[in-house]
Amino acid sequence: MKNSTKTVQTYPLGYTDYEDVRDEAFGAVGTPRRDQRELSLNADLLAERIKELRKRGKLTQTQLGERIGVQKAQISKFEKDAASISVGTMFKLLHALNATVVVQVAADEERLSGVLAG
C-alpha cells in the first residue's frame, strides 16, 4: 500500500484557499465583523433589485414614491442603500413593485436551542 500525503497549495501571503482570503477580508463566520459585512452585502443586493424592478415596471422614482407615500429622494436613497428601509416600508415598496416577498430565517442549531430553551 502506498503512503499518500496530501499536498496543500500555499498562495501568496500564506493563504491556503479562498476561505482563508474571505475570512481575512470579512472576518470569520459567526463573528460580528462577518455578520455586518454579510448584512451590508444583502442590503446592496436588495437595493439593486428594487431599482431593477422599478425599471422593469417602467416606473420613475417619483411614480414609485407616490405609490407608497414617499418622495423621489427617498426612493433614490433606497436604491443606493436598502439598509435604511424600515420593514413596513420595504413591504409597501415590494408590493407596489408587484414583487413576492420571501423571508428566510436561519439559525445554527446551537443558537436555536439556546433561544428555544430560553
# chains A, B, ... in the order shown; residues from 1 in each chain; ligands from 1
>>> residues_around(residues="range 73-86 of chain A", least_positions_apart="2", cutoff="9 Å", atoms="only C-alpha atoms", output="PyMOL selection string")
chain A and resi 39-40+42-51+61-62+64-65+70-71+88-91
>>> select_by_dssp(residues="range 40-90 of chain A", states="alpha helix (DSSP H)", output="JSON, numbers by chain")
{"A": [40, 41, 42, 43, 44, 45, 46, 47, 48, 49, 50, 51, 52, 53, 54, 55, 56, 61, 62, 63, 64, 65, 66, 67, 68, 72, 73, 74, 75, 76, 77, 78, 79, 80, 87, 88, 89, 90]}
>>> atom_distance(atom1="CA of Gln63 in chain A", atom2="CA of Lys92 in chain A")
13.7 Å
>>> atom_distance(atom1="CA of Ile68 in chain A", atom2="CA of Leu41 in chain A")
25.0 Å
>>> atom_distance(atom1="CA of Arg54 in chain A", atom2="CA of Leu97 in chain A")
6.4 Å
>>> decode(residues="range 86-104 of chain A", atoms="C-alpha atoms", output="PDB file, in the first residue's frame")
ATOM      1  CA  SER A  86     -37.901  50.002   7.579  1.00  0.00           C
ATOM      2  CA  VAL A  87     -39.624  46.632   7.347  1.00  0.00           C
ATOM      3  CA  GLY A  88     -43.027  48.283   6.826  1.00  0.00           C
ATOM      4  CA  THR A  89     -41.740  50.497   4.032  1.00  0.00           C
ATOM      5  CA  MET A  90     -39.967  47.555   2.424  1.00  0.00           C
ATOM      6  CA  PHE A  91     -43.223  45.588   2.258  1.00  0.00           C
ATOM      7  CA  LYS A  92     -45.071  48.612   0.801  1.00  0.00           C
ATOM      8  CA  LEU A  93     -42.299  49.096  -1.721  1.00  0.00           C
ATOM      9  CA  LEU A  94     -42.178  45.488  -2.833  1.00  0.00           C
ATOM     10  CA  HIS A  95     -45.986  45.318  -3.004  1.00  0.00           C
ATOM     11  CA  ALA A  96     -46.006  48.432  -5.217  1.00  0.00           C
ATOM     12  CA  LEU A  97     -43.473  46.698  -7.469  1.00  0.00           C
ATOM     13  CA  ASN A  98     -45.654  43.551  -7.638  1.00  0.00           C
ATOM     14  CA  ALA A  99     -42.837  41.576  -6.079  1.00  0.00           C
ATOM     15  CA  THR A 100     -43.208  38.473  -3.987  1.00  0.00           C
ATOM     16  CA  VAL A 101     -41.621  38.695  -0.574  1.00  0.00           C
ATOM     17  CA  VAL A 102     -39.789  35.610   0.660  1.00  0.00           C
ATOM     18  CA  VAL A 103     -38.451  35.688   4.200  1.00  0.00           C
ATOM     19  CA  GLN A 104     -35.800  33.193   5.183  1.00  0.00           C
TER      20      GLN A 104
END
